[in-house]
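Chemist: Provided below: start35.json, containing JSON, C-alpha atoms.
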[["chain", "number", "residue", "atom", "x", "y", "z"],
["V", 1, "MET", "CA", -122.60, 41.05, -127.37],
["V", 2, "SER", "CA", -125.77, 42.76, -126.26],
["V", 3, "THR", "CA", -128.01, 44.74, -128.57],
["V", 4, "ARG", "CA", -127.32, 48.48, -128.55],
["V", 5, "ILE", "CA", -130.39, 50.70, -128.79],
["V", 6, "GLY", "CA", -129.88, 54.43, -129.33],
["V", 7, "VAL", "CA", -132.14, 56.99, -127.66],
["V", 8, "ILE", "CA", -131.92, 60.43, -129.25],
["V", 9, "THR", "CA", -132.14, 63.50, -127.02],
["V", 10, "PHE", "CA", -133.57, 66.62, -128.67],
["V", 11, "PRO", "CA", -133.88, 70.06, -127.02],
["V", 12, "GLY", "CA", -137.01, 69.58, -124.93],
["V", 13, "SER", "CA", -137.03, 65.78, -124.83],
["V", 14, "LEU", "CA", -138.40, 64.61, -121.48],
["V", 15, "ASP", "CA", -138.58, 60.83, -121.59],
["V", 16, "ASP", "CA", -135.16, 60.10, -123.02],
["V", 17, "ARG", "CA", -133.79, 58.75, -119.74],
["V", 18, "ASP", "CA", -136.95, 56.71, -119.12],
["V", 19, "ALA", "CA", -136.50, 55.20, -122.57],
["V", 20, "GLN", "CA", -132.85, 54.40, -121.80],
["V", 21, "ARG", "CA", -133.98, 52.74, -118.57],
["V", 22, "ALA", "CA", -136.59, 50.70, -120.44],
["V", 23, "VAL", "CA", -133.94, 49.55, -122.91],
["V", 24, "ARG", "CA", -131.73, 48.44, -120.01],
["V", 25, "LEU", "CA", -134.58, 46.63, -118.24],
["V", 26, "ALA", "CA", -135.35, 44.77, -121.48],
["V", 27, "GLY", "CA", -131.78, 43.49, -121.59],
["V", 28, "ALA", "CA", -130.14, 45.77, -124.16],
["V", 29, "GLU", "CA", -127.51, 48.47, -123.84],
["V", 30, "PRO", "CA", -128.91, 52.02, -124.13],
["V", 31, "VAL", "CA", -126.81, 54.49, -126.11],
["V", 32, "ALA", "CA", -127.48, 58.21, -125.58],
["V", 33, "LEU", "CA", -127.46, 60.03, -128.93],
["V", 34, "TRP", "CA", -127.56, 63.79, -129.54],
["V", 35, "HIS", "CA", -129.78, 65.62, -132.06],
["V", 36, "GLY", "CA", -126.98, 67.92, -133.21],
["V", 37, "SER", "CA", -124.66, 65.10, -134.22],
["V", 38, "HIS", "CA", -124.53, 63.07, -137.43],
["V", 39, "ASP", "CA", -123.33, 59.95, -135.60],
["V", 40, "LEU", "CA", -125.60, 56.99, -134.75],
["V", 41, "GLU", "CA", -122.61, 55.33, -133.02],
["V", 42, "GLY", "CA", -123.29, 52.00, -134.68],
["V", 43, "VAL", "CA", -126.52, 51.25, -132.78],
["V", 44, "ASP", "CA", -128.81, 48.37, -133.80],
["V", 45, "ALA", "CA", -132.11, 50.20, -133.22],
["V", 46, "LEU", "CA", -133.36, 53.69, -132.42],
["V", 47, "VAL", "CA", -135.90, 55.30, -130.08],
["V", 48, "LEU", "CA", -137.18, 58.85, -130.60],
["V", 49, "PRO", "CA", -138.50, 59.69, -127.12],
["V", 50, "GLY", "CA", -141.40, 61.76, -125.88],
["V", 51, "GLY", "CA", -141.32, 65.32, -124.65],
["V", 52, "PHE", "CA", -141.88, 68.79, -126.05],
["V", 53, "SER", "CA", -138.99, 69.35, -128.43],
["V", 54, "TYR", "CA", -138.56, 73.04, -129.23],
["V", 55, "GLY", "CA", -141.58, 73.76, -127.02],
["V", 56, "ASP", "CA", -143.89, 72.37, -129.72],
["V", 57, "TYR", "CA", -143.14, 75.57, -131.71],
["V", 58, "LEU", "CA", -144.24, 75.59, -135.37],
["V", 59, "ARG", "CA", -145.86, 72.14, -135.03],
["V", 60, "CYS", "CA", -145.18, 69.29, -132.59],
["V", 61, "GLY", "CA", -141.97, 67.56, -133.64],
["V", 62, "ALA", "CA", -141.56, 69.71, -136.75],
["V", 63, "ILE", "CA", -138.33, 71.51, -135.87],
["V", 64, "ALA", "CA", -136.79, 68.40, -134.30],
["V", 65, "SER", "CA", -137.55, 66.46, -137.50],
["V", 66, "LEU", "CA", -135.13, 68.83, -139.26],
["V", 67, "SER", "CA", -132.27, 68.10, -136.79],
["V", 68, "PRO", "CA", -128.85, 67.12, -138.14],
["V", 69, "ILE", "CA", -129.14, 63.54, -136.81],
["V", 70, "MET", "CA", -132.44, 63.03, -138.65],
["V", 71, "THR", "CA", -130.51, 62.66, -141.94],
["V", 72, "GLU", "CA", -128.93, 59.50, -140.52],
["V", 73, "VAL", "CA", -132.19, 58.40, -138.85],
["V", 74, "ILE", "CA", -134.03, 58.56, -142.19],
["V", 75, "ASP", "CA", -131.25, 56.65, -143.98],
["V", 76, "ALA", "CA", -131.18, 53.98, -141.24],
["V", 77, "ALA", "CA", -134.99, 53.66, -141.24],
["V", 78, "ASN", "CA", -135.04, 53.26, -145.01],
["V", 79, "ALA", "CA", -132.32, 50.60, -144.68],
["V", 80, "GLY", "CA", -134.53, 48.60, -142.29],
["V", 81, "MET", "CA", -133.26, 49.53, -138.82],
["V", 82, "PRO", "CA", -135.95, 49.26, -136.11],
["V", 83, "VAL", "CA", -137.07, 52.79, -135.20],
["V", 84, "LEU", "CA", -139.66, 53.55, -132.49],
["V", 85, "GLY", "CA", -141.22, 57.00, -132.09],
["V", 86, "ILE", "CA", -143.05, 57.57, -128.82],
["V", 87, "CYS", "CA", -145.42, 60.55, -128.49],
["V", 88, "ASN", "CA", -143.27, 63.53, -129.56],
["V", 89, "GLY", "CA", -141.09, 60.96, -131.35],
["V", 90, "PHE", "CA", -144.16, 59.75, -133.28],
["V", 91, "GLN", "CA", -144.90, 63.36, -134.23],
["V", 92, "MET", "CA", -141.30, 63.70, -135.48],
["V", 93, "LEU", "CA", -141.60, 60.55, -137.61],
["V", 94, "THR", "CA", -144.73, 61.91, -139.33],
["V", 95, "GLU", "CA", -143.05, 65.28, -139.86],
["V", 96, "ALA", "CA", -140.02, 63.48, -141.34],
["V", 97, "HIS", "CA", -142.40, 61.56, -143.67],
["V", 98, "LEU", "CA", -141.21, 58.20, -142.31],
["V", 99, "LEU", "CA", -144.81, 57.59, -141.20],
["V", 100, "GLU", "CA", -148.03, 58.82, -142.77],
["V", 101, "GLY", "CA", -150.70, 61.05, -141.25],
["V", 102, "GLY", "CA", -150.30, 63.78, -138.67],
["V", 103, "LEU", "CA", -151.11, 64.60, -135.05],
["V", 104, "ILE", "CA", -153.33, 67.52, -134.07],
["V", 105, "ARG", "CA", -154.61, 68.99, -130.81],
["V", 106, "ASN", "CA", -156.87, 66.66, -128.80],
["V", 107, "ASP", "CA", -160.49, 67.11, -129.89],
["V", 108, "HIS", "CA", -161.55, 68.04, -126.33],
["V", 109, "GLY", "CA", -158.85, 70.72, -126.17],
["V", 110, "SER", "CA", -157.23, 69.49, -122.96],
["V", 111, "PHE", "CA", -154.03, 67.69, -122.07],
["V", 112, "ILE", "CA", -154.83, 64.14, -120.99],
["V", 113, "CYS", "CA", -152.90, 61.70, -118.80],
["V", 114, "ARG", "CA", -154.26, 58.22, -118.11],
["V", 115, "ASP", "CA", -153.44, 54.53, -118.12],
["V", 116, "GLN", "CA", -154.71, 53.57, -121.56],
["V", 117, "VAL", "CA", -155.82, 50.20, -122.89],
["V", 118, "LEU", "CA", -154.61, 49.43, -126.43],
["V", 119, "ARG", "CA", -155.22, 46.51, -128.74],
["V", 120, "VAL", "CA", -152.14, 45.23, -130.57],
["V", 121, "GLU", "CA", -153.34, 44.60, -134.13],
["V", 122, "ASN", "CA", -150.05, 43.83, -135.86],
["V", 123, "THR", "CA", -147.51, 41.52, -134.21],
["V", 124, "ASP", "CA", -145.16, 41.38, -137.20],
["V", 125, "THR", "CA", -143.48, 44.78, -136.74],
["V", 126, "ALA", "CA", -139.96, 45.13, -135.35],
["V", 127, "TRP", "CA", -141.41, 46.39, -132.05],
["V", 128, "THR", "CA", -144.39, 44.04, -131.52],
["V", 129, "THR", "CA", -143.33, 40.44, -132.20],
["V", 130, "ASP", "CA", -143.36, 39.60, -128.48],
["V", 131, "PHE", "CA", -147.10, 40.37, -128.28],
["V", 132, "THR", "CA", -149.85, 37.96, -129.26],
["V", 133, "GLY", "CA", -152.45, 38.93, -131.86],
["V", 134, "GLU", "CA", -155.30, 41.13, -130.58],
["V", 135, "GLN", "CA", -153.58, 41.27, -127.16],
["V", 136, "GLU", "CA", -154.86, 44.10, -124.99],
["V", 137, "ILE", "CA", -152.18, 46.01, -123.10],
["V", 138, "THR", "CA", -152.22, 48.95, -120.68],
["V", 139, "ILE", "CA", -149.58, 51.68, -120.84],
["V", 140, "PRO", "CA", -149.62, 55.36, -119.85],
["V", 141, "LEU", "CA", -150.81, 58.01, -122.30],
["V", 142, "LYS", "CA", -150.04, 61.71, -121.81],
["V", 143, "ASN", "CA", -150.46, 64.24, -124.58],
["V", 144, "GLY", "CA", -152.05, 67.49, -125.63],
["V", 145, "GLU", "CA", -151.76, 66.95, -129.36],
["V", 146, "GLY", "CA", -152.35, 63.25, -129.96],
["V", 147, "GLY", "CA", -155.24, 63.30, -132.39],
["V", 148, "PHE", "CA", -154.17, 61.11, -135.31],
["V", 149, "VAL", "CA", -155.48, 62.36, -138.65],
["V", 150, "ALA", "CA", -155.00, 61.35, -142.27],
["V", 151, "SER", "CA", -157.08, 61.40, -145.43],
["V", 152, "ASP", "CA", -159.66, 58.66, -145.89],
["V", 153, "ASP", "CA", -157.50, 57.15, -148.64],
["V", 154, "VAL", "CA", -154.49, 56.92, -146.33],
["V", 155, "LEU", "CA", -156.61, 55.55, -143.47],
["V", 156, "ASP", "CA", -158.08, 52.90, -145.76],
["V", 157, "ARG", "CA", -154.63, 51.93, -147.00],
["V", 158, "LEU", "CA", -153.17, 51.75, -143.46],
["V", 159, "GLU", "CA", -156.02, 49.50, -142.36],
["V", 160, "GLY", "CA", -155.95, 47.42, -145.56],
["V", 161, "GLU", "CA", -152.22, 46.76, -145.25],
["V", 162, "GLY", "CA", -152.43, 45.93, -141.53],
["V", 163, "ARG", "CA", -150.39, 48.99, -140.65],
["V", 164, "VAL", "CA", -152.61, 50.10, -137.79],
["V", 165, "VAL", "CA", -150.43, 48.57, -135.08],
["V", 166, "PHE", "CA", -152.29, 49.84, -132.00],
["V", 167, "ARG", "CA", -155.88, 50.93, -131.51],
["V", 168, "TYR", "CA", -157.44, 52.61, -128.46],
["V", 169, "VAL", "CA", -159.84, 50.38, -126.54],
["V", 170, "ASP", "CA", -162.83, 51.57, -124.45],
["V", 171, "VAL", "CA", -161.86, 55.26, -124.60],
["V", 172, "ASN", "CA", -160.64, 57.32, -127.55],
["V", 173, "PRO", "CA", -158.62, 59.81, -125.49],
["V", 174, "ASN", "CA", -157.82, 62.43, -128.12],
["V", 175, "GLY", "CA", -160.17, 62.18, -131.10],
["V", 176, "SER", "CA", -157.82, 60.04, -133.20],
["V", 177, "LEU", "CA", -159.55, 58.95, -136.41],
["V", 178, "ARG", "CA", -160.64, 55.28, -136.36],
["V", 179, "ASP", "CA", -159.25, 55.02, -132.79],
["V", 180, "ILE", "CA", -155.71, 54.76, -134.15],
["V", 181, "ALA", "CA", -153.02, 54.92, -131.45],
["V", 182, "GLY", "CA", -150.02, 53.79, -133.49],
["V", 183, "ILE", "CA", -148.97, 52.83, -137.02],
["V", 184, "CYS", "CA", -145.98, 51.43, -138.89],
["V", 185, "ASN", "CA", -144.31, 51.94, -142.26],
["V", 186, "GLU", "CA", -144.72, 49.45, -145.13],
["V", 187, "ARG", "CA", -141.69, 47.44, -144.07],
["V", 188, "GLY", "CA", -142.75, 47.30, -140.41],
["V", 189, "ASN", "CA", -139.43, 48.47, -139.00],
["V", 190, "VAL", "CA", -140.63, 52.01, -138.19],
["V", 191, "VAL", "CA", -143.37, 52.22, -135.56],
["V", 192, "GLY", "CA", -144.88, 55.31, -133.95],
["V", 193, "LEU", "CA", -147.48, 55.63, -131.21],
["V", 194, "MET", "CA", -148.76, 58.29, -128.83],
["V", 195, "PRO", "CA", -148.88, 56.23, -125.59],
["V", 196, "HIS", "CA", -145.69, 55.52, -123.63],
["V", 197, "PRO", "CA", -144.40, 51.92, -123.39],
["V", 198, "GLU", "CA", -141.22, 53.08, -121.61],
["V", 199, "HIS", "CA", -143.29, 54.03, -118.56],
["V", 200, "ALA", "CA", -144.57, 50.47, -118.11],
["V", 201, "THR", "CA", -141.39, 48.44, -117.83],
["V", 202, "GLU", "CA", -140.61, 48.00, -114.13],
["V", 203, "PRO", "CA", -142.83, 46.64, -111.32],
["V", 204, "GLY", "CA", -143.59, 49.43, -108.86],
["V", 205, "PHE", "CA", -143.50, 52.15, -111.52],
["V", 206, "GLY", "CA", -146.08, 51.07, -114.10],
["V", 207, "PRO", "CA", -149.86, 51.28, -114.43],
["V", 208, "ASP", "CA", -152.09, 49.53, -111.90],
["V", 209, "THR", "CA", -153.13, 45.98, -112.74],
["V", 210, "ALA", "CA", -155.77, 43.68, -111.26],
["V", 211, "LEU", "CA", -152.97, 41.99, -109.31],
["V", 212, "ALA", "CA", -151.25, 44.96, -107.70],
["V", 213, "MET", "CA", -150.86, 48.71, -107.87],
["V", 214, "ARG", "CA", -148.27, 50.02, -110.34],
["V", 215, "SER", "CA", -147.24, 46.52, -111.38],
["V", 216, "GLY", "CA", -147.95, 46.86, -115.11],
["V", 217, "VAL", "CA", -145.01, 46.09, -117.38],
["V", 218, "ASP", "CA", -146.79, 45.73, -120.74],
["V", 219, "GLY", "CA", -144.29, 48.13, -122.30],
["V", 220, "LEU", "CA", -141.34, 45.76, -121.95],
["V", 221, "ALA", "CA", -142.36, 43.64, -124.94],
["V", 222, "PHE", "CA", -141.78, 46.60, -127.30],
["V", 223, "PHE", "CA", -138.11, 46.58, -126.42],
["V", 224, "THR", "CA", -137.64, 42.81, -126.16],
["V", 225, "SER", "CA", -139.25, 42.54, -129.63],
["V", 226, "ALA", "CA", -136.67, 44.92, -131.08],
["V", 227, "ILE", "CA", -133.86, 42.99, -129.40],
["V", 228, "GLN", "CA", -135.13, 39.76, -130.98],
["V", 229, "ARG", "CA", -135.34, 41.48, -134.36],
["V", 230, "THR", "CA", -131.78, 42.79, -134.20],
["V", 231, "LEU", "CA", -130.44, 39.41, -133.08],
["V", 232, "ALA", "CA", -132.34, 37.66, -135.88],
["V", 233, "SER", "CA", -130.89, 39.97, -138.51],
["V", 234, "ALA", "CA", -127.35, 39.91, -137.08],
["I", 1, "MET", "CA", -136.93, 96.00, -146.29],
["I", 2, "PRO", "CA", -140.01, 94.20, -147.53],
["I", 3, "THR", "CA", -141.79, 91.64, -145.38],
["I", 4, "ILE", "CA", -143.22, 88.51, -146.93],
["I", 5, "VAL", "CA", -146.31, 87.27, -145.11],
["I", 6, "VAL", "CA", -147.25, 83.59, -145.20],
["I", 7, "ASP", "CA", -150.67, 82.53, -143.90],
["I", 8, "VAL", "CA", -151.28, 78.92, -142.89],
["I", 9, "MET", "CA", -154.63, 77.47, -141.80],
["I", 10, "PRO", "CA", -155.66, 74.07, -140.48],
["I", 11, "LYS", "CA", -157.38, 72.09, -143.24],
["I", 12, "ALA", "CA", -161.07, 72.96, -143.52],
["I", 13, "GLU", "CA", -162.22, 69.37, -142.96],
["I", 14, "LEU", "CA", -160.22, 68.97, -139.74],
["I", 15, "LEU", "CA", -161.50, 69.87, -136.31],
["I", 16, "ASP", "CA", -159.88, 73.07, -135.02],
["I", 17, "PRO", "CA", -160.19, 72.77, -131.21],
["I", 18, "GLN", "CA", -158.56, 76.19, -130.65],
["I", 19, "GLY", "CA", -161.05, 77.95, -132.88],
["I", 20, "LYS", "CA", -163.89, 75.98, -131.37],
["I", 21, "ALA", "CA", -162.86, 77.06, -127.85],
["I", 22, "VAL", "CA", -162.78, 80.73, -128.89],
["I", 23, "ALA", "CA", -166.12, 80.41, -130.67],
["I", 24, "GLY", "CA", -167.55, 78.93, -127.46],
["I", 25, "ALA", "CA", -166.22, 81.84, -125.40],
["I", 26, "LEU", "CA", -167.72, 84.38, -127.82],
["I", 27, "ALA", "CA", -171.07, 82.63, -127.69],
["I", 28, "ARG", "CA", -171.00, 82.72, -123.88],
["I", 29, "LEU", "CA", -170.36, 86.47, -124.07],
["I", 30, "GLY", "CA", -173.48, 86.91, -126.14],
["I", 31, "ARG", "CA", -171.66, 87.56, -129.43],
["I", 32, "SER", "CA", -174.27, 85.64, -131.35],
["I", 33, "THR", "CA", -173.42, 87.35, -134.66],
["I", 34, "PHE", "CA", -170.39, 85.08, -135.09],
["I", 35, "THR", "CA", -171.12, 81.57, -136.27],
["I", 36, "GLY", "CA", -167.59, 80.19, -136.24],
["I", 37, "VAL", "CA", -163.91, 80.86, -135.54],
["I", 38, "ARG", "CA", -160.87, 79.12, -136.96],
["I", 39, "ILE", "CA", -157.31, 79.86, -135.89],
["I", 40, "GLY", "CA", -154.28, 79.72, -138.16],
["I", 41, "LYS", "CA", -150.73, 81.04, -138.27],
["I", 42, "ARG", "CA", -149.12, 84.10, -139.83],
["I", 43, "PHE", "CA", -145.39, 84.10, -140.58],
["I", 44, "GLU", "CA", -143.63, 87.41, -141.30],
["I", 45, "ILE", "CA", -140.40, 86.83, -143.19],
["I", 46, "THR", "CA", -137.98, 89.69, -143.75],
["I", 47, "VAL", "CA", -135.39, 89.82, -146.53],
["I", 48, "ASP", "CA", -132.53, 92.21, -147.15],
["I", 49, "GLY", "CA", -133.03, 92.90, -150.84],
["I", 50, "ALA", "CA", -136.13, 93.17, -152.96],
["I", 51, "ALA", "CA", -138.88, 90.55, -152.72],
["I", 52, "ASP", "CA", -138.31, 89.51, -156.32],
["I", 53, "GLU", "CA", -139.67, 86.46, -158.07],
["I", 54, "ALA", "CA", -136.71, 84.28, -157.05],
["I", 55, "THR", "CA", -137.19, 85.19, -153.39],
["I", 56, "LEU", "CA", -140.92, 84.56, -153.58],
["I", 57, "ALA", "CA", -140.31, 81.19, -155.21],
["I", 58, "GLU", "CA", -138.04, 80.28, -152.30],
["I", 59, "VAL", "CA", -140.68, 81.44, -149.81],
["I", 60, "ARG", "CA", -143.34, 79.33, -151.56],
["I", 61, "GLN", "CA", -141.03, 76.32, -151.32],
["I", 62, "VAL", "CA", -140.30, 76.86, -147.61],
["I", 63, "ALA", "CA", -143.99, 77.52, -146.91],
["I", 64, "GLU", "CA", -144.96, 74.15, -148.39],
["I", 65, "ASP", "CA", -142.01, 72.15, -147.00],
["I", 66, "ILE", "CA", -141.43, 73.59, -143.53],
["I", 67, "LEU", "CA", -143.88, 76.30, -142.45],
["I", 68, "SER", "CA", -146.87, 74.05, -143.13],
["I", 69, "ASN", "CA", -147.61, 70.32, -143.00],
["I", 70, "GLY", "CA", -149.77, 69.37, -145.99],
["I", 71, "VAL", "CA", -151.39, 66.54, -144.05],
["I", 72, "ILE", "CA", -153.05, 68.88, -141.57],
["I", 73, "GLU", "CA", -152.64, 72.42, -142.96],
["I", 74, "ASP", "CA", -152.93, 74.55, -146.11],
["I", 75, "VAL", "CA", -150.88, 77.57, -147.13],
["I", 76, "VAL", "CA", -153.72, 80.00, -147.85],
["I", 77, "GLY", "CA", -151.79, 83.11, -148.80],
["I", 78, "ILE", "CA", -148.36, 84.56, -149.53],
["I", 79, "HIS", "CA", -148.04, 88.31, -150.04],
["I", 80, "VAL", "CA", -145.48, 91.08, -149.77],
["I", 81, "VAL", "CA", -145.83, 94.04, -147.40],
["I", 82, "GLU", "CA", -143.50, 96.93, -148.28],
["I", 83, "ASP", "CA", -141.60, 98.66, -145.49],
["I", 84, "ARG", "CA", -143.90, 101.19, -143.87],
["I", 85, "GLY", "CA", -140.85, 103.14, -142.72]]
For this file, produce the structure as structure tokens.

Modeler:
Amino acid sequence: MSTRIGVITFPGSLDDRDAQRAVRLAGAEPVALWHGSHDLEGVDALVLPGGFSYGDYLRCGAIASLSPIMTEVIDAANAGMPVLGICNGFQMLTEAHLLEGGLIRNDHGSFICRDQVLRVENTDTAWTTDFTGEQEITIPLKNGEGGFVASDDVLDRLEGEGRVVFRYVDVNPNGSLRDIAGICNERGNVVGLMPHPEHATEPGFGPDTALAMRSGVDGLAFFTSAIQRTLASA
Amino acid sequence: MPTIVVDVMPKAELLDPQGKAVAGALARLGRSTFTGVRIGKRFEITVDGAADEATLAEVRQVAEDILSNGVIEDVVGIHVVEDRG
């Protein structure tokens, strides 16, 4: 039986179908879930996709983090289910207190969209076991409010416990403190990042590589990692 | 009906790109008197009855839990404005 990975659609989600497609390309079955429901439909892992839920009103991800389904998401995350928050999904995970820190407007004040190089600094999380340590990957980044901030104490703890999962390389695109692009919770099952792995999963539709235009598929390993994790714990 | 006003500001130590952009525009317009601008949020909450202590306690709770995010913002003021009729 194939792994079932739920992708939650919130009002204003944009990348939910791309995330479903990435799940399928990685070899799992995508399950479309709805923010207004309390039913996770027995999925093995969860993706909170990117977009602009509730038009970024109040704060990015804040209103979505109070959705009915988030009660079950928080319970599942605390029970160890792999949960990935991408961009707006990352913002929701911080607002739901599943991840520390917060995301603020880019320091340069502009929306930014680019193919971004990241260094994978933790390959023990539920979403990164298929990477090698210190591996550099390229996936698209597109955000207006992607500046990761936290107190010095929290930043020190995240770094000390190896919970900085991804760091920006070459360019810090949004003013994130200590070049942090993504982090995980203590257990390593909940991961959030601003860049978009789901947009780098199929040749012809990913970032450019040295070999060929749009051939980058560095995002696939996020999803294959989660599949391995769910199979290992089954 | 009284209105309860909640003011929320980005934390002082954090960069406020919105305020910085406005400050830059003012400087370009020659408004050199102003040395800085920071932008926050004002919530106006209306209630049916009186803004009594119980209601204010609930507003304080909501202000901390939902209207603001303590990682990036501070609630800097909560006050009651009586109906101006």

Chemist: So how many Å separate CA of Phe222 in chain V and CA of Gly182 in chain V, to one decimal?

Modeler: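 The value is 12.6 Å.
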
Chemist: Suppose you want the space between CA of Cys87 in chain V and CA of Gly192 in chain V; what is it in Å?

Modeler: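 According to the coordinates, CA of Cys87 in chain V and CA of Gly192 in chain V are separated by 7.6 Å.
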
Chemist: Might you pull out every residue within 8 Å of Asp74 in chain I, with all atoms listed in the file counted and same-chain residues fewer than 5 positions away left off, and present them as a short mmCIF file (atom, residue, chain, number, x, y, z; two decimals) with C-alpha atoms, in the coordinates of the input?

Modeler:
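Result file part05.cif:
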data_model
loop_
_atom_site.label_atom_id
_atom_site.label_comp_id
_atom_site.auth_asym_id
_atom_site.auth_seq_id
_atom_site.Cartn_x
_atom_site.Cartn_y
_atom_site.Cartn_z
CA VAL I 8 -151.28 78.92 -142.89
CA MET I 9 -154.63 77.47 -141.80
CA PRO I 10 -155.66 74.07 -140.48
CA LYS I 11 -157.38 72.09 -143.24
CA SER I 68 -146.87 74.05 -143.13
CA ASN I 69 -147.61 70.32 -143.00
#

Chemist: Write out as JSON lines the residues of chain V that have any atom within 12 Å of an atom of chain I, one row each with the nearest atom pair and its distance in Å to one decimal, counting all atoms listed in the file, sorted by chain and then rising number.

Modeler:
{"residue": "V:Tyr57", "atom": "CA", "partner": "I:Leu67", "partner_atom": "CA", "distance": 10.8}
{"residue": "V:Leu58", "atom": "CA", "partner": "I:Leu67", "partner_atom": "CA", "distance": 7.1}
{"residue": "V:Arg59", "atom": "CA", "partner": "I:Asn69", "partner_atom": "CA", "distance": 8.4}
{"residue": "V:Cys60", "atom": "CA", "partner": "I:Asn69", "partner_atom": "CA", "distance": 10.7}
{"residue": "V:Gly61", "atom": "CA", "partner": "I:Asn69", "partner_atom": "CA", "distance": 11.3}
{"residue": "V:Ala62", "atom": "CA", "partner": "I:Ile66", "partner_atom": "CA", "distance": 7.8}
{"residue": "V:Ile63", "atom": "CA", "partner": "I:Ile66", "partner_atom": "CA", "distance": 8.5}
{"residue": "V:Ala64", "atom": "CA", "partner": "I:Ile66", "partner_atom": "CA", "distance": 11.6}
{"residue": "V:Ser65", "atom": "CA", "partner": "I:Ile66", "partner_atom": "CA", "distance": 10.1}
{"residue": "V:Leu66", "atom": "CA", "partner": "I:Ile66", "partner_atom": "CA", "distance": 9.0}
{"residue": "V:Gln91", "atom": "CA", "partner": "I:Asn69", "partner_atom": "CA", "distance": 11.5}
{"residue": "V:Met92", "atom": "CA", "partner": "I:Asn69", "partner_atom": "CA", "distance": 11.8}
{"residue": "V:Thr94", "atom": "CA", "partner": "I:Val71", "partner_atom": "CA", "distance": 9.4}
{"residue": "V:Glu95", "atom": "CA", "partner": "I:Asn69", "partner_atom": "CA", "distance": 7.5}
{"residue": "V:Ala96", "atom": "CA", "partner": "I:Asn69", "partner_atom": "CA", "distance": 10.4}
{"residue": "V:His97", "atom": "CA", "partner": "I:Asn69", "partner_atom": "CA", "distance": 10.2}
{"residue": "V:Leu99", "atom": "CA", "partner": "I:Val71", "partner_atom": "CA", "distance": 11.5}
{"residue": "V:Glu100", "atom": "CA", "partner": "I:Val71", "partner_atom": "CA", "distance": 8.5}
{"residue": "V:Gly101", "atom": "CA", "partner": "I:Val71", "partner_atom": "CA", "distance": 6.2}
{"residue": "V:Gly102", "atom": "CA", "partner": "I:Val71", "partner_atom": "CA", "distance": 6.1}
{"residue": "V:Leu103", "atom": "CA", "partner": "I:Ile72", "partner_atom": "CA", "distance": 8.0}
{"residue": "V:Ile104", "atom": "CA", "partner": "I:Ile72", "partner_atom": "CA", "distance": 7.6}
{"residue": "V:Arg105", "atom": "CA", "partner": "I:Pro17", "partner_atom": "CA", "distance": 6.8}
{"residue": "V:Asn106", "atom": "CA", "partner": "I:Pro17", "partner_atom": "CA", "distance": 7.4}
{"residue": "V:Asp107", "atom": "CA", "partner": "I:Pro17", "partner_atom": "CA", "distance": 5.8}
{"residue": "V:His108", "atom": "CA", "partner": "I:Pro17", "partner_atom": "CA", "distance": 6.9}
{"residue": "V:Gly109", "atom": "CA", "partner": "I:Pro17", "partner_atom": "CA", "distance": 5.6}
{"residue": "V:Ser110", "atom": "CA", "partner": "I:Pro17", "partner_atom": "CA", "distance": 9.4}
{"residue": "V:Gly144", "atom": "CA", "partner": "I:Pro17", "partner_atom": "CA", "distance": 11.2}
{"residue": "V:Glu145", "atom": "CA", "partner": "I:Pro17", "partner_atom": "CA", "distance": 10.4}
{"residue": "V:Gly147", "atom": "CA", "partner": "I:Leu15", "partner_atom": "CA", "distance": 9.9}
{"residue": "V:Phe148", "atom": "CA", "partner": "I:Ile72", "partner_atom": "CA", "distance": 10.0}
{"residue": "V:Val149", "atom": "CA", "partner": "I:Ile72", "partner_atom": "CA", "distance": 7.5}
{"residue": "V:Ala150", "atom": "CA", "partner": "I:Val71", "partner_atom": "CA", "distance": 6.6}
{"residue": "V:Ser151", "atom": "CA", "partner": "I:Val71", "partner_atom": "CA", "distance": 7.8}
{"residue": "V:Asp152", "atom": "CA", "partner": "I:Glu13", "partner_atom": "CA", "distance": 11.4}
{"residue": "V:Val154", "atom": "CA", "partner": "I:Val71", "partner_atom": "CA", "distance": 10.4}
{"residue": "V:Asn174", "atom": "CA", "partner": "I:Pro17", "partner_atom": "CA", "distance": 11.0}
{"residue": "V:Gly175", "atom": "CA", "partner": "I:Leu15", "partner_atom": "CA", "distance": 9.4}
{"residue": "V:Ser176", "atom": "CA", "partner": "I:Leu15", "partner_atom": "CA", "distance": 10.9}
{"residue": "V:Leu177", "atom": "CA", "partner": "I:Leu14", "partner_atom": "CA", "distance": 10.6}

Chemist: What's around His38 in chain V at 12 Å? Count all atoms listed in the file, leave out sequence neighbours fewer than 5 positions away in its own chain, and write the answer as a ChimeraX atom specification.

Modeler: /V:8,33,67-76

Chemist: Residues at most 7 Å from Ile180 in chain V, counting all atoms listed in the file, excluding those fewer than 5 positions away in the same chain, as a list in words?

Modeler: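 In the requested form, the answer reads Phe148, Val164, Phe166, Arg167 and Tyr168 of chain V.
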
Chemist: So what do you get for CA of Cys113 in chain V versus CA of Trp127 in chain V, distance-wise?

Modeler: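 About the pair CA of Cys113 in chain V and CA of Trp127 in chain V: they are 23.3 Å apart.
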
Chemist: Between V:Ala19, V:Ala26, V:Ala45, V:Ile112, which residue has the minimum interatomic distance to Ser233 in chain V, considering only C-alpha atoms?

Modeler: V:Ala45

Chemist: Can you pull out the residues contacting Gly36 in chain I? Cut-off 10 Å, using only C-alpha atoms, and skip same-chain residues under 4 positions away; I want them as a tab-separated table (two decimals) with C-alpha atoms, in the coordinates of the input.

Modeler:
chain	number	residue	atom	x	y	z
I	19	GLY	CA	-161.05	77.95	-132.88
I	20	LYS	CA	-163.89	75.98	-131.37
I	22	VAL	CA	-162.78	80.73	-128.89
I	23	ALA	CA	-166.12	80.41	-130.67
I	24	GLY	CA	-167.55	78.93	-127.46
I	26	LEU	CA	-167.72	84.38	-127.82
I	27	ALA	CA	-171.07	82.63	-127.69
I	32	SER	CA	-174.27	85.64	-131.35
